[in-house]
Every structure is written in structure tokens, then in C-alpha cells.
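Asker: start.tsv (TSV, C-alpha atoms) pasted underneath:
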chain	number	residue	atom	x	y	z
W	1	MET	CA	287.73	47.40	105.61
W	2	SER	CA	286.68	43.75	105.50
W	3	SER	CA	289.31	41.09	106.01
W	4	PRO	CA	290.39	38.89	103.06
W	5	GLU	CA	289.00	35.88	104.91
W	6	LYS	CA	285.56	37.47	105.26
W	7	ILE	CA	285.55	38.51	101.60
W	8	GLN	CA	286.54	35.01	100.51
W	9	GLN	CA	283.87	33.43	102.69
W	10	PHE	CA	281.16	35.70	101.28
W	11	ALA	CA	282.47	35.15	97.73
W	12	THR	CA	282.11	31.41	98.21
W	13	THR	CA	278.46	31.91	99.16
W	14	LEU	CA	277.87	34.07	96.08
W	15	ARG	CA	279.62	31.67	93.70
W	16	ARG	CA	276.48	29.71	92.82
W	17	PHE	CA	274.79	32.91	91.58
W	18	LEU	CA	277.61	34.76	89.79
W	19	PRO	CA	280.00	34.11	86.88
W	20	ALA	CA	283.37	32.70	87.93
W	21	GLY	CA	285.83	35.50	88.61
W	22	SER	CA	283.23	38.10	89.61
W	23	GLU	CA	282.25	36.82	93.05
W	24	GLU	CA	285.14	38.35	95.02
W	25	TYR	CA	284.66	41.77	93.43
W	26	VAL	CA	280.94	41.74	94.26
W	27	ALA	CA	281.53	40.34	97.76
W	28	GLU	CA	284.10	43.01	98.58
W	29	TYR	CA	281.83	45.77	97.29
W	30	LEU	CA	278.85	44.58	99.31
W	31	LEU	CA	280.89	44.19	102.48
W	32	GLU	CA	282.65	47.53	102.10
W	33	LYS	CA	279.33	49.35	101.62
W	34	VAL	CA	277.67	47.37	104.46
W	35	VAL	CA	274.78	46.03	102.39
W	36	HIS	CA	272.05	43.71	103.60
W	37	PHE	CA	272.04	41.49	100.50
W	38	THR	CA	269.29	38.94	99.87
W	39	VAL	CA	268.44	36.53	97.07
W	40	THR	CA	264.67	36.31	96.63
W	41	LYS	CA	262.10	34.27	94.77
W	42	GLU	CA	261.15	35.39	91.28
W	43	ARG	CA	259.30	38.70	91.12
W	44	LYS	CA	257.32	39.35	87.95
W	45	THR	CA	257.68	43.13	88.05
W	46	LYS	CA	261.41	43.47	88.73
W	47	TYR	CA	264.72	41.59	88.76
W	48	GLY	CA	266.28	43.49	91.65
W	49	ASP	CA	265.69	46.23	94.17
W	50	TYR	CA	267.72	48.80	96.13
W	51	ARG	CA	266.66	50.60	99.31
W	52	HIS	CA	268.78	53.30	100.90
W	53	PRO	CA	269.59	53.32	104.64
W	54	HIS	CA	266.73	54.38	106.90
W	55	ALA	CA	265.46	53.83	110.43
W	56	GLY	CA	268.82	52.42	111.46
W	57	LYS	CA	268.86	49.87	108.64
W	58	PRO	CA	271.82	49.69	106.20
W	59	HIS	CA	271.72	49.68	102.41
W	60	GLN	CA	269.47	46.84	101.21
W	61	ILE	CA	269.72	45.03	97.87
W	62	SER	CA	267.64	42.07	96.75
W	63	ILE	CA	268.08	40.09	93.54
W	64	ASN	CA	265.83	37.44	92.01
W	65	GLY	CA	267.41	34.04	92.52
W	66	ASN	CA	265.99	32.54	89.32
W	67	LEU	CA	268.21	34.69	87.07
W	68	ASN	CA	271.06	33.07	85.18
W	69	LYS	CA	274.55	34.04	86.37
W	70	TYR	CA	275.13	36.79	83.83
W	71	ALA	CA	271.72	38.38	84.34
W	72	PHE	CA	272.26	38.12	88.11
W	73	LEU	CA	275.57	39.99	87.78
W	74	VAL	CA	274.14	42.74	85.57
W	75	THR	CA	271.20	43.21	87.94
W	76	THR	CA	273.48	43.31	90.99
W	77	ILE	CA	275.69	45.98	89.41
W	78	HIS	CA	272.54	47.90	88.44
W	79	GLU	CA	271.50	48.02	92.11
W	80	LEU	CA	275.02	48.81	93.32
W	81	ALA	CA	275.02	51.79	90.98
W	82	HIS	CA	271.87	53.01	92.74
W	83	LEU	CA	273.74	52.67	96.03
W	84	THR	CA	276.80	54.65	94.93
W	85	ALA	CA	274.60	57.27	93.27
W	86	PHE	CA	272.69	57.67	96.53
W	87	GLU	CA	275.93	58.05	98.48
W	88	LYS	CA	277.07	60.85	96.16
W	89	TYR	CA	273.83	62.66	95.38
W	90	ARG	CA	271.19	61.48	97.88
W	91	HIS	CA	267.73	62.37	96.51
W	92	THR	CA	268.86	65.25	94.31
W	93	VAL	CA	268.96	63.27	91.03
W	94	SER	CA	266.53	61.07	89.09
W	95	ALA	CA	266.66	57.33	89.68
W	96	HIS	CA	268.03	56.42	86.25
W	97	GLY	CA	269.48	59.74	85.18
W	98	ASP	CA	272.96	60.58	83.91
W	99	GLU	CA	274.46	60.29	87.39
W	100	TRP	CA	273.21	56.73	87.83
W	101	LYS	CA	274.42	55.84	84.33
W	102	ARG	CA	277.93	57.06	85.15
W	103	GLU	CA	277.90	55.03	88.36
W	104	PHE	CA	276.83	51.92	86.48
W	105	GLN	CA	279.73	52.36	84.08
W	106	LEU	CA	282.21	52.96	86.91
W	107	VAL	CA	281.10	49.96	88.96
W	108	PHE	CA	281.02	47.61	85.96
W	109	LYS	CA	284.30	48.63	84.31
W	110	PRO	CA	286.64	46.60	86.58
W	111	LEU	CA	284.68	43.45	85.76
W	112	LEU	CA	284.89	44.05	82.01
W	113	ASP	CA	288.63	44.67	82.38
W	114	LYS	CA	288.97	41.21	83.94
W	115	GLU	CA	287.76	39.61	80.66
W	116	ILE	CA	285.84	36.92	82.54
W	117	LEU	CA	282.58	37.09	80.59
W	118	PRO	CA	281.67	35.30	77.34
W	119	ILE	CA	282.42	37.33	74.24
W	120	ASP	CA	278.74	37.79	73.31
W	121	VAL	CA	277.91	39.12	76.79
W	122	THR	CA	280.97	41.39	76.76
W	123	LEU	CA	280.11	42.87	73.36
W	124	ALA	CA	276.47	43.42	74.34
W	125	LEU	CA	277.51	45.05	77.62
W	126	ASN	CA	280.01	47.34	75.91
W	127	ASN	CA	277.27	48.51	73.54
W	128	TYR	CA	274.84	48.90	76.43
W	129	LEU	CA	277.32	50.96	78.44
W	130	ARG	CA	277.62	53.43	75.58
W	131	ASN	CA	273.89	54.18	75.77
W	132	ILE	CA	272.48	52.86	79.01
W	133	LYS	CA	268.75	52.31	79.38
W	134	ALA	CA	267.05	52.11	82.77
W	135	THR	CA	267.07	48.32	82.69
W	136	SER	CA	268.80	45.57	80.76
W	137	CYS	CA	265.36	44.71	79.34
W	138	GLY	CA	265.29	48.20	77.85
W	139	ASP	CA	268.22	47.25	75.63
W	140	GLU	CA	266.93	44.59	73.26
W	141	ALA	CA	270.36	43.30	72.20
W	142	LEU	CA	271.62	42.86	75.77
W	143	TYR	CA	268.34	41.30	76.88
W	144	ARG	CA	268.49	38.72	74.08
W	145	VAL	CA	272.11	37.83	74.86
W	146	LEU	CA	271.47	37.44	78.59
W	147	ARG	CA	268.47	35.20	77.94
W	148	ARG	CA	270.64	32.81	75.91
W	149	TYR	CA	272.05	31.55	79.20
W	150	ASP	CA	268.73	30.68	80.84
W	151	LYS	CA	268.32	27.02	81.75
W	152	ARG	CA	264.94	26.99	80.05
W	153	PRO	CA	264.85	28.90	76.76
W	154	ALA	CA	262.38	31.75	76.79
W	155	VAL	CA	259.41	31.89	74.41
W	156	PHE	CA	259.08	35.39	73.00
W	157	LEU	CA	255.95	36.71	71.35
W	158	GLU	CA	257.89	37.07	68.10
W	159	HIS	CA	258.41	33.29	68.07
W	160	LEU	CA	254.66	32.71	67.62
W	161	VAL	CA	252.80	32.94	64.34
W	162	LEU	CA	249.94	35.25	63.46
W	163	GLY	CA	246.74	34.10	65.17
W	164	ASP	CA	248.44	32.06	67.90
W	165	LYS	CA	247.07	32.35	71.41
W	166	PHE	CA	249.39	33.07	74.30
W	167	LYS	CA	249.28	33.79	78.02
W	168	LEU	CA	250.78	36.94	79.48
W	169	ASN	CA	250.21	38.18	83.05
W	170	ASP	CA	247.55	35.48	83.54
W	171	ARG	CA	245.50	36.66	80.58
W	172	ILE	CA	244.97	35.06	77.17
W	173	PHE	CA	245.69	37.01	73.99
W	174	VAL	CA	245.70	36.40	70.25
W	175	LYS	CA	248.78	37.54	68.34
W	176	GLY	CA	248.01	40.04	65.60
W	177	LYS	CA	249.90	42.02	62.99
W	178	LYS	CA	253.36	43.45	63.54
W	179	LEU	CA	253.61	47.19	63.93
W	180	ARG	CA	257.28	48.06	64.57
W	181	LYS	CA	258.83	46.41	67.62
W	182	ARG	CA	255.36	45.59	68.92
W	183	TYR	CA	252.49	43.40	67.81
W	184	GLU	CA	248.81	44.29	67.91
W	185	CYS	CA	247.27	41.64	70.16
W	186	VAL	CA	243.68	41.11	71.26
W	187	ALA	CA	242.65	40.08	74.77
W	188	VAL	CA	240.33	37.08	74.54
W	189	ASP	CA	238.21	38.10	77.53
W	190	THR	CA	237.53	41.74	76.63
W	191	HIS	CA	238.46	41.91	72.90
W	192	GLU	CA	240.55	45.00	73.68
W	193	LYS	CA	243.65	45.60	71.58
W	194	TYR	CA	247.12	45.88	73.13
W	195	HIS	CA	250.54	46.62	71.63
W	196	VAL	CA	252.98	44.03	72.98
W	197	LEU	CA	256.75	43.96	72.45
W	198	GLY	CA	258.08	41.16	70.28
W	199	ILE	CA	260.59	40.25	73.00
W	200	ALA	CA	257.87	39.94	75.65
W	201	GLU	CA	258.21	36.54	77.28
W	202	VAL	CA	254.95	34.64	76.86
W	203	GLU	CA	253.48	31.20	77.37
W	204	ALA	CA	252.04	29.50	74.29
W	205	TYR	CA	248.38	28.62	74.88
W	206	LYS	CA	246.10	25.99	73.39
W	207	ASP	CA	242.38	25.71	73.97
W	208	GLU	CA	241.47	22.55	75.87
W	209	GLU	CA	239.28	21.24	73.02
W	210	GLU	CA	242.30	21.46	70.72
Taking this structure as input, can you express it in the form of C-alpha cells?
Answerer:
Amino acid sequence: MSSPEKIQQFATTLRRFLPAGSEEYVAEYLLEKVVHFTVTKERKTKYGDYRHPHAGKPHQISINGNLNKYAFLVTTIHELAHLTAFEKYRHTVSAHGDEWKREFQLVFKPLLDKEILPIDVTLALNNYLRNIKATSCGDEALYRVLRRYDKRPAVFLEHLVLGDKFKLNDRIFVKGKKLRKRYECVAVDTHEKYHVLGIAEVEAYKDEEE
């Protein structure tokens, strides 16, 4: 078991990334499980990553450092749930199956009991925990609430008007009609049609001659 001094020292390091009141809980968990924990640059395809022990290496968790504190916490608990699920079930269960969902609930519950999170985040998390998706992005309500705390407000596709151009994954599209949660958009380079979620984060685009 890690000493209180070591936990406090690690918690101090984590403080810049996590909501106040959660850093000691996370620090103790990471130290107890012997996790190689790293904060990385932004990755477009994922917020965090877990790798189980292999070749003499311990558990490894990496989290994108550009996340706001609440998104950083949710992502960290997401990866810790993978860790505890691996400890209990190894490779016998699916990555985001019922076992992982139960672990996510178990690991997160002590933090919710502390009542340290803003009320909107707490409510969204409680709803999410009742019906967990594989990622926080999979739950539209939680995703929207977490993005409220970004330093730079996100631009979602739904914020644009019909016919606006936008950039997504280094390609230019034109926003089309709404279907349900998605919009029919046309790629400028190939004229192919794509169905894009309204909460997809995009970059508004203007032609140079405009």
C-alpha cells in the first residue's frame, strides 16, 4: 500500500488536470494498481487508452492533456474500469460489455458520493451511469455537458446553417438537410454524401475569395 505522503505528492501533480477533491482518490487508485500513467498530446481518434500488463510492463493508461478537468476525470475513470475489468476477467469479456459497465459504476461511485462535481455534470453522469455507452461521446447529454467546460467553446455541425461549408478530418464538406441526429453532408472534393452527427465538432470554413 502506498504511503499517505506518496499519494499526496502524486495528487499534487494531478491537481492541474482533475477537479478539486478528486485528485487524491485517483492518485491512490493509480498507485495501488501500479499504473504507468501518462498525459499525452491531443489524439483525434481517442481521449484515453488502457494497456494491460505485458512483457514485464505494468498497467498503462494515457489520457489526452487537452481535455477539461471534468472530461479528464471521466476519461480516467473509463480507463481505470478497463483495468479493474481486466484484473477480474482477463480477456474473457468484451471491451465495453456489461462487466466493464459495472466496473465503471463501481469506480466512479465514491467520487459522486463526495459531491465535488458541478450539479450539471453530476446529473449527466447519474443518467449516463444508468445506461452506459462505450464512450462519453456516445451519450449526447453527457458529451454536451462536459464540453461546456472547455476553454474554447466547441463548434458543432448543428450550429451551422444549411449550405455552410465546414472542415472535418482535414476535408471540406457542405452541410445538408437534417435526417434524425445526423445531417446529410456532401464532400466538396468527391461530391460523395455522408451522414454526420449534429454534435460532431467541426471547423467553419470560408472560401478564400469570400
Asker: Tell me, counting only C-alpha atoms, for each residue of region 51-84 of chain W within 12 Å of region 113-124 of chain W, which pair of atoms is nearest and how far apart they are in Å to one decimal, in rows ordered by chain and increasing number, as a tab-separated table.
Answerer:
residue	atom	partner	partner_atom	distance
W:Lys69	CA	W:Leu117	CA	10.4
W:Tyr70	CA	W:Val121	CA	7.9
W:Ala71	CA	W:Val121	CA	9.8
W:Leu73	CA	W:Leu117	CA	10.5
W:Val74	CA	W:Val121	CA	10.2
Asker: For a quick check of understanding, using only C-alpha atoms, which of W:Asp150, W:Asp49, W:Glu99, W:Glu201 has the smallest distance to Leu168 (chain W)?
Answerer: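 Under the stated criterion, the closest residue is W:Glu201.
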Asker: Near Gly176 (chain W), counting all atoms listed in the file, which residues have an atom at most 12 Å away, once you skip same-chain residues fewer than 4 positions from it, shown as a PyMOL selection string?
Answerer: chain W and resi 157-158+160-166+182-187+193-198
Asker: For Glu87 (chain W), which residue out of W:Asn68, W:Arg51, W:Leu146, W:Lys109 is the nearest one, using only C-alpha atoms?
Answerer: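 Looking only at the distances to Glu87 (chain W), the closest residue turns out to be W:Arg51.
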Asker: Which neighbours of Thr38 (chain W) fall inside 12 Å, counting all atoms listed in the file, when residues of the same chain fewer than 4 positions from it are skipped, and could you give them as a list of chain:residue names?
Answerer: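 Those residues are W:Thr13, W:Leu14, W:Phe17, W:Leu30, W:Gly48, W:Asp49, W:Tyr50, W:Arg51, W:His59, W:Gln60, W:Ile61, W:Ser62, W:Ile63, W:Asn64, W:Gly65, W:Thr76.
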Asker: What is the distance between CA of Ile77 (chain W) and CA of His54 (chain W), in Å to one decimal?
Answerer: 21.4 Å
Asker: Kindly output region 129-155 of chain W as a compact mmCIF listing (two decimals), in the frame of the given file, after building N, CA and C atoms.
Answerer:
# COMPACT_ATOMS: atom_id res chain seq x y z
N LEU W 129 276.69 49.93 77.63
CA LEU W 129 277.32 50.96 78.44
C LEU W 129 277.52 52.27 77.69
N ARG W 130 277.50 52.20 76.37
CA ARG W 130 277.62 53.43 75.58
C ARG W 130 276.32 54.22 75.57
N ASN W 131 275.21 53.52 75.78
CA ASN W 131 273.89 54.18 75.77
C ASN W 131 272.97 53.43 76.71
N ILE W 132 273.17 53.65 78.00
CA ILE W 132 272.48 52.86 79.01
C ILE W 132 271.00 53.21 79.10
N LYS W 133 270.17 52.16 79.10
CA LYS W 133 268.75 52.31 79.38
C LYS W 133 268.54 52.06 80.87
N ALA W 134 267.32 52.29 81.35
CA ALA W 134 267.05 52.11 82.77
C ALA W 134 267.23 50.68 83.22
N THR W 135 266.92 49.72 82.34
CA THR W 135 267.07 48.32 82.69
C THR W 135 267.71 47.58 81.54
N SER W 136 268.24 46.38 81.83
CA SER W 136 268.80 45.57 80.76
C SER W 136 267.72 45.17 79.77
N CYS W 137 266.46 45.05 80.25
CA CYS W 137 265.36 44.71 79.34
C CYS W 137 265.09 45.84 78.35
N GLY W 138 265.49 47.07 78.74
CA GLY W 138 265.29 48.20 77.85
C GLY W 138 266.23 48.18 76.67
N ASP W 139 267.30 47.41 76.74
CA ASP W 139 268.22 47.25 75.63
C ASP W 139 267.98 45.87 75.03
N GLU W 140 267.36 45.86 73.86
CA GLU W 140 266.93 44.59 73.26
C GLU W 140 268.10 43.65 73.02
N ALA W 141 269.22 44.16 72.52
CA ALA W 141 270.36 43.30 72.20
C ALA W 141 270.92 42.64 73.46
N LEU W 142 271.10 43.42 74.53
CA LEU W 142 271.62 42.86 75.77
C LEU W 142 270.64 41.86 76.37
N TYR W 143 269.37 42.20 76.35
CA TYR W 143 268.34 41.30 76.88
C TYR W 143 268.37 39.95 76.17
N ARG W 144 268.46 39.98 74.85
CA ARG W 144 268.49 38.72 74.08
C ARG W 144 269.73 37.90 74.44
N VAL W 145 270.87 38.55 74.56
CA VAL W 145 272.11 37.83 74.86
C VAL W 145 272.03 37.21 76.25
N LEU W 146 271.57 37.97 77.23
CA LEU W 146 271.47 37.44 78.59
C LEU W 146 270.52 36.25 78.65
N ARG W 147 269.44 36.29 77.90
CA ARG W 147 268.47 35.20 77.94
C ARG W 147 268.98 33.92 77.29
N ARG W 148 270.05 34.02 76.50
CA ARG W 148 270.64 32.81 75.91
C ARG W 148 271.13 31.84 76.98
N TYR W 149 271.44 32.36 78.15
CA TYR W 149 272.05 31.55 79.20
C TYR W 149 271.04 31.04 80.23
N ASP W 150 269.76 31.25 79.96
CA ASP W 150 268.73 30.68 80.84
C ASP W 150 268.71 29.16 80.70
N LYS W 151 268.41 28.48 81.79
CA LYS W 151 268.32 27.02 81.75
C LYS W 151 267.18 26.58 80.84
N ARG W 152 266.08 27.29 80.91
CA ARG W 152 264.94 26.99 80.05
C ARG W 152 264.77 28.12 79.05
N PRO W 153 264.95 27.84 77.76
CA PRO W 153 264.85 28.90 76.76
C PRO W 153 263.52 29.64 76.83
N ALA W 154 263.59 30.94 76.72
CA ALA W 154 262.38 31.75 76.79
C ALA W 154 261.59 31.65 75.49
N VAL W 155 260.28 31.78 75.59
CA VAL W 155 259.41 31.89 74.41
C VAL W 155 259.00 33.34 74.30
